[in-house]
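Down below is the structure, laid out as C-alpha cells.
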Amino acid sequence: MKTNTLQCLKWATLLPMSALLIACQSSPQCTTWKDQQSSEAFRGLSVLDASLHDAIGFLSRRVLREAGGAPAVEIEVYNCSKRDIVLGFKAQFRSSGGLSENASAWKRVYLAPMASAVYVERAIDPASASVQVEVIDINRAQAGPGGSR
C-alpha cells in the first residue's frame, strides 16, 4: 500500500526525519500469479483457485537432479496478502515417453502475511523428464463448493 504525498507532508511536521523516511516509503511491489502465469519460468505450474491469483506469487521454480539421478522440483512461493494462507501442493512427474508416476499426496504449505516458503517434491523414477505442479487454497478446498471460509 502506497502512502500518498499529502499524508507524508502532514507527517513531516510530526515526526523526526528518520521516521518520516520510513513512513513515506512505498512498499515493494509484490508480483502475483496473475502477472506471472504466462511466464516460461513457471511452465508446468498451475494455481487452480482463482482467489489465489492476486494473493500469491512465486520467486522461483527449479528442477534439480539428485545424486541417484531422479529429479526434484523446488518452488519458492510468497504471500502478497495481509492474511494467513494455507496452500496445498501436488506434483506429478512424467518421463520423456509420456509415462507418469502417480501424483504425490497433497502437501500443506503455511504462509504468514508477506512471507515466503519453499515446496519440494522428489520423483521416484530417474527417467522422469518433466513435472506438473498444482496449487490450491486448502481452506477453500475444505469448505467445499459454496462453503464459507
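Residues are named by chain letter and number: chains run A, B, ... in the order of the C-alpha cells, numbers start at 1 in each chain, and ligands are numbered from 1 in the order shown.
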query = Which neighbours of stretch 117-125 of chain A fall inside 9 Å, counting only C-alpha atoms, when residues of the same chain fewer than 2 positions from it are skipped, and could you give them as a PyMOL selection string?
reply = chain A and resi 66+69-79+89-95+101+104+107-111+115+127-128+131
Please produce a file of the residues just selected, as an mmCIF file, in the first residue's frame, where the atoms kept are C-alpha atoms.
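Produced file result.cif, reproduced below:
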data_model
loop_
_atom_site.group_PDB
_atom_site.id
_atom_site.type_symbol
_atom_site.label_atom_id
_atom_site.label_comp_id
_atom_site.auth_asym_id
_atom_site.auth_seq_id
_atom_site.Cartn_x
_atom_site.Cartn_y
_atom_site.Cartn_z
ATOM 1 C CA GLU A 66 19.606 -35.567 -7.125
ATOM 2 C CA GLY A 69 19.528 -39.279 -10.861
ATOM 3 C CA ALA A 70 15.871 -38.705 -10.003
ATOM 4 C CA PRO A 71 14.627 -35.137 -10.375
ATOM 5 C CA ALA A 72 13.216 -32.960 -7.632
ATOM 6 C CA VAL A 73 11.142 -29.815 -8.070
ATOM 7 C CA GLU A 74 11.682 -26.850 -5.749
ATOM 8 C CA ILE A 75 9.247 -23.932 -5.750
ATOM 9 C CA GLU A 76 9.508 -20.781 -3.645
ATOM 10 C CA VAL A 77 6.130 -19.134 -3.081
ATOM 11 C CA TYR A 78 5.268 -15.915 -1.262
ATOM 12 C CA ASN A 79 2.152 -14.366 0.212
ATOM 13 C CA PHE A 89 0.803 -28.522 -3.486
ATOM 14 C CA LYS A 90 0.700 -31.718 -5.562
ATOM 15 C CA ALA A 91 3.249 -32.826 -8.174
ATOM 16 C CA GLN A 92 3.191 -35.371 -10.974
ATOM 17 C CA PHE A 93 6.383 -36.363 -12.768
ATOM 18 C CA ARG A 94 6.400 -37.713 -16.344
ATOM 19 C CA SER A 95 9.055 -39.484 -18.385
ATOM 20 C CA GLU A 101 4.350 -41.609 -11.856
ATOM 21 C CA SER A 104 2.153 -37.088 -4.980
ATOM 22 C CA LYS A 107 1.360 -31.231 0.915
ATOM 23 C CA ARG A 108 0.458 -28.211 3.007
ATOM 24 C CA VAL A 109 2.494 -25.040 2.898
ATOM 25 C CA TYR A 110 1.702 -22.375 5.515
ATOM 26 C CA LEU A 111 2.278 -18.730 4.578
ATOM 27 C CA ALA A 115 6.155 -14.258 3.992
ATOM 28 C CA ALA A 127 13.690 -41.337 -16.149
ATOM 29 C CA SER A 128 11.249 -38.568 -15.177
ATOM 30 C CA VAL A 131 6.788 -32.198 -13.739
#
Name all residues at most 9 Å from A:Val47 (count only C-alpha atoms; drop same-chain ones fewer than 6 positions away) and give them as a short mmCIF file (atom, residue, chain, number, x, y, z; two decimals) with N, CA and C atoms, in the first residue's frame.
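Listed below is the output, out_21.cif:
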data_model
loop_
_atom_site.label_atom_id
_atom_site.label_comp_id
_atom_site.auth_asym_id
_atom_site.auth_seq_id
_atom_site.Cartn_x
_atom_site.Cartn_y
_atom_site.Cartn_z
N TRP A 33 0.64 -14.15 -9.02
CA TRP A 33 0.45 -15.17 -10.04
C TRP A 33 -0.30 -14.62 -11.25
N GLN A 37 1.61 -15.99 -14.54
CA GLN A 37 1.14 -17.27 -15.07
C GLN A 37 1.52 -17.56 -16.52
N HIS A 53 -4.91 -15.94 -7.30
CA HIS A 53 -4.18 -15.27 -8.38
C HIS A 53 -3.66 -13.89 -7.99
N VAL A 133 2.87 -29.23 -11.45
CA VAL A 133 2.57 -28.94 -10.04
C VAL A 133 1.27 -28.15 -9.98
N GLU A 134 0.36 -28.60 -9.12
CA GLU A 134 -0.90 -27.90 -8.91
C GLU A 134 -0.90 -27.29 -7.52
N VAL A 135 -1.52 -26.10 -7.41
CA VAL A 135 -1.59 -25.38 -6.15
C VAL A 135 -3.04 -25.03 -5.88
N ILE A 136 -3.50 -25.28 -4.64
CA ILE A 136 -4.86 -24.92 -4.24
C ILE A 136 -4.82 -24.19 -2.90
N ASP A 137 -5.90 -23.52 -2.58
CA ASP A 137 -6.10 -22.91 -1.27
C ASP A 137 -6.78 -23.97 -0.41
#
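Relative to atom CA of A:Asn139, atom CA of A:Gly88 is found at 9.2 Å.
Our summary of the geometry notes that atom CA of A:Thr31 is positioned 5.9 Å from atom CA of A:Gly57.
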note = Atom pair atom CA of A:Leu87 + atom CA of A:Asp54, distance 14.0 Å
inquiry  = If you run DSSP on the backbone here, which positions in stretch 74-149 of chain A get strand (DSSP E or B)? Please write them as an MDAnalysis selection string.
reply    = chainID A and resid 74:79 85:95 100 107:111 116:122 128:137
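Checking A:Ser100, A:Val86, A:Met114, A:Gln132 one by one against A:Arg61, counting only C-alpha atoms, you find the shortest gap at A:Gln132.
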task = Would you please work out which residue, of A:Ser39, A:Ile138, A:Ser130, A:Leu48, is nearest to A:Arg65 when using only C-alpha atoms?
result = A:Ser130
